[in-house]
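Visitor: One structure follows; several queries about it will come next.
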Amino acid sequence: MKSVSYKIGVIGDKESVLPFKLFGFTVKYGNHLTEINQTFDEMVEQDYGVIYITESCAKQIAKKVEAIKGQLSPAVVMIPDHDGSRGIGLESVQENMKKAVGQNIL
């Protein structure tokens with residue numbers, strides 16, 4: 001059986017995502033809609049397995065993030081930025097938990 005290795009990408013402002021470089025993830029900085037759109041599209045096209053994206057960036061491309069949710073890959077995970085959590089990522093996790101279990105157990 002062949003082992004498959006996926007790349008992991010991170011999108012967000014420099015202060016929030018720079019530490020992810022320490023783990024060997026592909027880190028792309030973006031604050032503006034154009035940069036975020038382009039980077040997200042590139043990571044999807046290049047078959048990244050996981051894309052971490054700050055909540056503020058995900059909010060700017062909410063329709064794209066929502067469209068990806070139904071796919072197996074890439075997994076899109078929203079993370080807080082350096083200003084703290086806006087609750088969007090947690091809300092998404094709770095929503096998925098409710099779908100999987102039938103109720104929000106968090």
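Identifiers for the structure tokens are assigned positionally: chains receive A, B, ... in sequence, residues are indexed from 1 per chain, and ligands are indexed from 1 in the order shown.
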Which neighbours of Glu35 of chain A fall inside 12 Å, counting only C-alpha atoms, when residues of the same chain fewer than 4 positions from it are skipped, and could you give them as an mmCIF file with all heavy atoms, in the first residue's frame?
Guide:
```cif
data_model
loop_
_atom_site.group_PDB
_atom_site.id
_atom_site.type_symbol
_atom_site.label_atom_id
_atom_site.label_comp_id
_atom_site.auth_asym_id
_atom_site.auth_seq_id
_atom_site.Cartn_x
_atom_site.Cartn_y
_atom_site.Cartn_z
ATOM 1 N N ILE A 11 -2.606 30.325 6.002
ATOM 2 C CA ILE A 11 -2.853 31.638 5.409
ATOM 3 C C ILE A 11 -3.276 32.597 6.516
ATOM 4 O O ILE A 11 -4.166 32.283 7.308
ATOM 5 C CB ILE A 11 -3.981 31.575 4.351
ATOM 6 C CG1 ILE A 11 -3.669 30.540 3.272
ATOM 7 C CG2 ILE A 11 -4.214 32.957 3.737
ATOM 8 C CD1 ILE A 11 -4.843 30.246 2.339
ATOM 9 N N GLY A 12 -2.655 33.768 6.537
ATOM 10 C CA GLY A 12 -3.045 34.777 7.515
ATOM 11 C C GLY A 12 -2.049 35.903 7.603
ATOM 12 O O GLY A 12 -1.080 35.961 6.837
ATOM 13 N N ASP A 13 -2.272 36.795 8.546
ATOM 14 C CA ASP A 13 -1.342 37.902 8.737
ATOM 15 C C ASP A 13 -0.039 37.364 9.320
ATOM 16 O O ASP A 13 -0.012 36.314 9.970
ATOM 17 C CB ASP A 13 -1.961 38.966 9.656
ATOM 18 C CG ASP A 13 -2.271 38.406 11.021
ATOM 19 O OD1 ASP A 13 -3.342 37.789 11.183
ATOM 20 O OD2 ASP A 13 -1.421 38.564 11.922
ATOM 21 N N LYS A 28 1.800 31.420 4.005
ATOM 22 C CA LYS A 28 1.561 32.525 3.064
ATOM 23 C C LYS A 28 0.869 33.649 3.816
ATOM 24 O O LYS A 28 -0.121 33.416 4.510
ATOM 25 C CB LYS A 28 0.676 32.075 1.898
ATOM 26 C CG LYS A 28 1.264 30.951 1.079
ATOM 27 C CD LYS A 28 2.385 31.447 0.209
ATOM 28 C CE LYS A 28 2.881 30.323 -0.685
ATOM 29 N NZ LYS A 28 3.807 30.765 -1.686
ATOM 30 N N TYR A 29 1.405 34.843 3.653
ATOM 31 C CA TYR A 29 0.840 35.999 4.332
ATOM 32 C C TYR A 29 -0.218 36.647 3.452
ATOM 33 O O TYR A 29 -0.045 36.756 2.247
ATOM 34 C CB TYR A 29 1.925 37.020 4.663
ATOM 35 C CG TYR A 29 3.113 36.404 5.360
ATOM 36 C CD1 TYR A 29 4.378 36.474 4.805
ATOM 37 C CD2 TYR A 29 2.951 35.725 6.556
ATOM 38 C CE1 TYR A 29 5.462 35.893 5.443
ATOM 39 C CE2 TYR A 29 4.028 35.139 7.202
ATOM 40 C CZ TYR A 29 5.285 35.230 6.635
ATOM 41 O OH TYR A 29 6.353 34.646 7.263
ATOM 42 N N GLY A 30 -1.295 37.070 4.074
ATOM 43 C CA GLY A 30 -2.344 37.744 3.333
ATOM 44 C C GLY A 30 -3.255 38.512 4.259
ATOM 45 O O GLY A 30 -3.684 37.992 5.280
ATOM 46 N N ASN A 31 -3.517 39.734 3.899
ATOM 47 C CA ASN A 31 -4.466 40.556 4.636
ATOM 48 C C ASN A 31 -5.564 41.068 3.714
ATOM 49 O O ASN A 31 -6.636 41.409 4.158
ATOM 50 C CB ASN A 31 -3.770 41.753 5.292
ATOM 51 C CG ASN A 31 -2.869 41.348 6.436
ATOM 52 O OD1 ASN A 31 -3.212 40.480 7.222
ATOM 53 N ND2 ASN A 31 -1.707 41.959 6.527
ATOM 54 N N THR A 39 -3.972 32.877 -2.899
ATOM 55 C CA THR A 39 -3.263 31.864 -2.117
ATOM 56 C C THR A 39 -4.149 30.654 -1.845
ATOM 57 O O THR A 39 -3.712 29.509 -1.978
ATOM 58 C CB THR A 39 -2.772 32.474 -0.786
ATOM 59 O OG1 THR A 39 -1.912 33.572 -1.079
ATOM 60 C CG2 THR A 39 -2.029 31.449 0.043
ATOM 61 N N PHE A 40 -5.397 30.896 -1.458
ATOM 62 C CA PHE A 40 -6.322 29.796 -1.177
ATOM 63 C C PHE A 40 -6.520 28.940 -2.419
ATOM 64 O O PHE A 40 -6.435 27.710 -2.361
ATOM 65 C CB PHE A 40 -7.664 30.364 -0.680
ATOM 66 C CG PHE A 40 -8.609 29.321 -0.174
ATOM 67 C CD1 PHE A 40 -8.480 28.804 1.108
ATOM 68 C CD2 PHE A 40 -9.644 28.836 -0.972
ATOM 69 C CE1 PHE A 40 -9.351 27.840 1.589
ATOM 70 C CE2 PHE A 40 -10.516 27.872 -0.507
ATOM 71 C CZ PHE A 40 -10.376 27.374 0.778
ATOM 72 N N ASP A 41 -6.767 29.585 -3.563
ATOM 73 C CA ASP A 41 -6.955 28.851 -4.818
ATOM 74 C C ASP A 41 -5.730 28.019 -5.178
ATOM 75 O O ASP A 41 -5.851 26.861 -5.598
ATOM 76 C CB ASP A 41 -7.278 29.812 -5.967
ATOM 77 C CG ASP A 41 -8.667 30.434 -5.857
ATOM 78 O OD1 ASP A 41 -9.503 29.914 -5.078
ATOM 79 O OD2 ASP A 41 -8.912 31.442 -6.544
ATOM 80 N N GLU A 42 -4.541 28.591 -4.996
ATOM 81 C CA GLU A 42 -3.303 27.857 -5.294
ATOM 82 C C GLU A 42 -3.166 26.626 -4.413
ATOM 83 O O GLU A 42 -2.794 25.548 -4.890
ATOM 84 C CB GLU A 42 -2.084 28.767 -5.095
ATOM 85 C CG GLU A 42 -1.919 29.805 -6.175
ATOM 86 C CD GLU A 42 -0.809 30.815 -5.858
ATOM 87 O OE1 GLU A 42 -0.119 30.670 -4.812
ATOM 88 O OE2 GLU A 42 -0.644 31.750 -6.648
ATOM 89 N N CYS A 57 -9.218 36.082 7.760
ATOM 90 C CA CYS A 57 -9.034 35.800 6.333
ATOM 91 C C CYS A 57 -10.176 34.935 5.805
ATOM 92 O O CYS A 57 -10.686 35.170 4.711
ATOM 93 C CB CYS A 57 -7.703 35.094 6.090
ATOM 94 S SG CYS A 57 -6.262 36.162 6.271
ATOM 95 N N GLN A 60 -13.279 36.767 4.880
ATOM 96 C CA GLN A 60 -13.231 37.494 3.610
ATOM 97 C C GLN A 60 -13.539 36.600 2.405
ATOM 98 O O GLN A 60 -13.992 37.091 1.378
ATOM 99 C CB GLN A 60 -11.859 38.147 3.420
ATOM 100 C CG GLN A 60 -11.585 39.258 4.408
ATOM 101 C CD GLN A 60 -10.273 39.928 4.126
ATOM 102 O OE1 GLN A 60 -10.048 40.413 3.028
ATOM 103 N NE2 GLN A 60 -9.395 39.955 5.125
ATOM 104 N N ILE A 61 -13.282 35.303 2.535
ATOM 105 C CA ILE A 61 -13.557 34.373 1.433
ATOM 106 C C ILE A 61 -14.531 33.285 1.892
ATOM 107 O O ILE A 61 -14.399 32.117 1.538
ATOM 108 C CB ILE A 61 -12.253 33.758 0.865
ATOM 109 C CG1 ILE A 61 -11.467 32.993 1.944
ATOM 110 C CG2 ILE A 61 -11.390 34.813 0.200
ATOM 111 C CD1 ILE A 61 -10.377 32.112 1.386
#
```
Visitor: Identify which of the residues A:Gln38, A:Asp47, A:Gly70, A:Thr26 lies closest to Ile8 of chain A, counting only C-alpha atoms when measuring atom-to-atom distances.
Guide: A:Thr26
Visitor: Of the candidates A:Leu22, A:Leu33, A:Lys7, A:Ile51, which one gets nearest to Lys69 of chain A if we count only C-alpha atoms?
Guide: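 Looking at the shortest contact to Lys69 of chain A, the residue is A:Ile51.
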Visitor: Using DSSP on the backbone coordinates, identify all residues within segment 24-95 of chain A classified as strand (DSSP E); present the result as a PDB file with N, CA, C and O atoms, in the first residue's frame.
Guide:
```pdb
ATOM      1  N   THR A  26       3.768  25.270   4.834  1.00  0.00           N
ATOM      2  CA  THR A  26       3.866  26.356   3.873  1.00  0.00           C
ATOM      3  C   THR A  26       3.069  27.524   4.422  1.00  0.00           C
ATOM      4  O   THR A  26       1.867  27.408   4.647  1.00  0.00           O
ATOM      5  N   VAL A  27       3.731  28.637   4.649  1.00  0.00           N
ATOM      6  CA  VAL A  27       3.090  29.802   5.245  1.00  0.00           C
ATOM      7  C   VAL A  27       2.999  30.915   4.205  1.00  0.00           C
ATOM      8  O   VAL A  27       3.997  31.283   3.592  1.00  0.00           O
ATOM      9  N   LYS A  28       1.800  31.420   4.005  1.00  0.00           N
ATOM     10  CA  LYS A  28       1.561  32.525   3.064  1.00  0.00           C
ATOM     11  C   LYS A  28       0.869  33.649   3.816  1.00  0.00           C
ATOM     12  O   LYS A  28      -0.121  33.416   4.510  1.00  0.00           O
ATOM     13  N   TYR A  29       1.405  34.843   3.653  1.00  0.00           N
ATOM     14  CA  TYR A  29       0.840  35.999   4.332  1.00  0.00           C
ATOM     15  C   TYR A  29      -0.218  36.647   3.452  1.00  0.00           C
ATOM     16  O   TYR A  29      -0.045  36.756   2.247  1.00  0.00           O
ATOM     17  N   VAL A  50      -4.332  19.948   4.216  1.00  0.00           N
ATOM     18  CA  VAL A  50      -4.911  20.792   5.259  1.00  0.00           C
ATOM     19  C   VAL A  50      -4.525  22.236   4.975  1.00  0.00           C
ATOM     20  O   VAL A  50      -3.378  22.524   4.645  1.00  0.00           O
ATOM     21  N   ILE A  51      -5.507  23.113   5.105  1.00  0.00           N
ATOM     22  CA  ILE A  51      -5.249  24.547   5.000  1.00  0.00           C
ATOM     23  C   ILE A  51      -5.739  25.194   6.288  1.00  0.00           C
ATOM     24  O   ILE A  51      -6.928  25.171   6.586  1.00  0.00           O
ATOM     25  N   TYR A  52      -4.794  25.723   7.070  1.00  0.00           N
ATOM     26  CA  TYR A  52      -5.145  26.516   8.242  1.00  0.00           C
ATOM     27  C   TYR A  52      -5.287  27.957   7.760  1.00  0.00           C
ATOM     28  O   TYR A  52      -4.435  28.442   7.009  1.00  0.00           O
ATOM     29  N   ILE A  53      -6.341  28.627   8.169  1.00  0.00           N
ATOM     30  CA  ILE A  53      -6.567  29.997   7.748  1.00  0.00           C
ATOM     31  C   ILE A  53      -7.113  30.787   8.933  1.00  0.00           C
ATOM     32  O   ILE A  53      -7.963  30.279   9.684  1.00  0.00           O
ATOM     33  N   THR A  54      -6.588  31.986   9.127  1.00  0.00           N
ATOM     34  CA  THR A  54      -7.079  32.784  10.249  1.00  0.00           C
ATOM     35  C   THR A  54      -8.547  33.118  10.029  1.00  0.00           C
ATOM     36  O   THR A  54      -9.016  33.214   8.897  1.00  0.00           O
ATOM     37  N   ALA A  75      -8.823  19.764   4.056  1.00  0.00           N
ATOM     38  CA  ALA A  75      -9.545  20.142   5.270  1.00  0.00           C
ATOM     39  C   ALA A  75      -9.180  21.592   5.550  1.00  0.00           C
ATOM     40  O   ALA A  75      -8.010  21.956   5.551  1.00  0.00           O
ATOM     41  N   VAL A  76     -10.173  22.424   5.741  1.00  0.00           N
ATOM     42  CA  VAL A  76      -9.938  23.831   6.037  1.00  0.00           C
ATOM     43  C   VAL A  76     -10.237  24.053   7.518  1.00  0.00           C
ATOM     44  O   VAL A  76     -11.342  23.785   7.977  1.00  0.00           O
ATOM     45  N   VAL A  77      -9.212  24.520   8.237  1.00  0.00           N
ATOM     46  CA  VAL A  77      -9.328  24.721   9.675  1.00  0.00           C
ATOM     47  C   VAL A  77      -9.108  26.197   9.981  1.00  0.00           C
ATOM     48  O   VAL A  77      -8.059  26.754   9.643  1.00  0.00           O
ATOM     49  N   MET A  78     -10.104  26.819  10.599  1.00  0.00           N
ATOM     50  CA  MET A  78      -9.980  28.231  10.963  1.00  0.00           C
ATOM     51  C   MET A  78      -9.303  28.352  12.317  1.00  0.00           C
ATOM     52  O   MET A  78      -9.632  27.622  13.254  1.00  0.00           O
ATOM     53  N   ILE A  79      -8.352  29.270  12.369  1.00  0.00           N
ATOM     54  CA  ILE A  79      -7.589  29.504  13.591  1.00  0.00           C
ATOM     55  C   ILE A  79      -7.710  30.985  13.978  1.00  0.00           C
ATOM     56  O   ILE A  79      -7.914  31.837  13.116  1.00  0.00           O
TER      57      ILE A  79
END
```
Visitor: I'd like the interatomic distance between atom CA of Glu15 of chain A and atom CA of His82 of chain A, to a tenth of an Å.
Guide: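 These two atoms are separated by 6.4 Å.
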Visitor: Considering only C-alpha atoms, can you say which of A:Pro19, A:Ser56, A:Ile68, A:Phe25 comes closest to Asp81 of chain A?
Guide: A:Ser56
Visitor: Suppose you want the space between atom CA of Phe23 of chain A and atom CA of Ala67 of chain A; what is it in Å?
Guide: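 Separation of atom CA of Phe23 of chain A and atom CA of Ala67 of chain A: 27.6 Å.
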Visitor: Please identify the alpha helix (DSSP H) residues within segment 30-85 of chain A (assignment by DSSP from backbone atoms) and present them as a list in words.
Guide: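 Answer for segment 30-85 of chain A restricted to alpha helix (DSSP H) is Leu33, Thr34, Glu35, Ile36, Asn37, Gln38, Thr39, Phe40, Asp41, Glu42, Met43, Val44, Glu45, Glu55, Ser56, Cys57, Ala58, Lys59, Gln60, Ala62, Lys63, Lys64, Val65, Glu66, Ala67 and Ile68 of chain A.
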Visitor: Between A:Leu18, A:Pro80, A:Gly49, A:Val44, which one has atoms that come closest to Ser5 of chain A, using only C-alpha atoms?
Guide: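 Distance minimum relative to Ser5 of chain A lands on A:Gly49.
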Visitor: Using Å and a single decimal, report how far atom CA of Met43 of chain A sits from atom CA of Ser16 of chain A.
Guide: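 Interatomic distance, atom CA of Ser16 of chain A to atom CA of Met43 of chain A: 18.5 Å.
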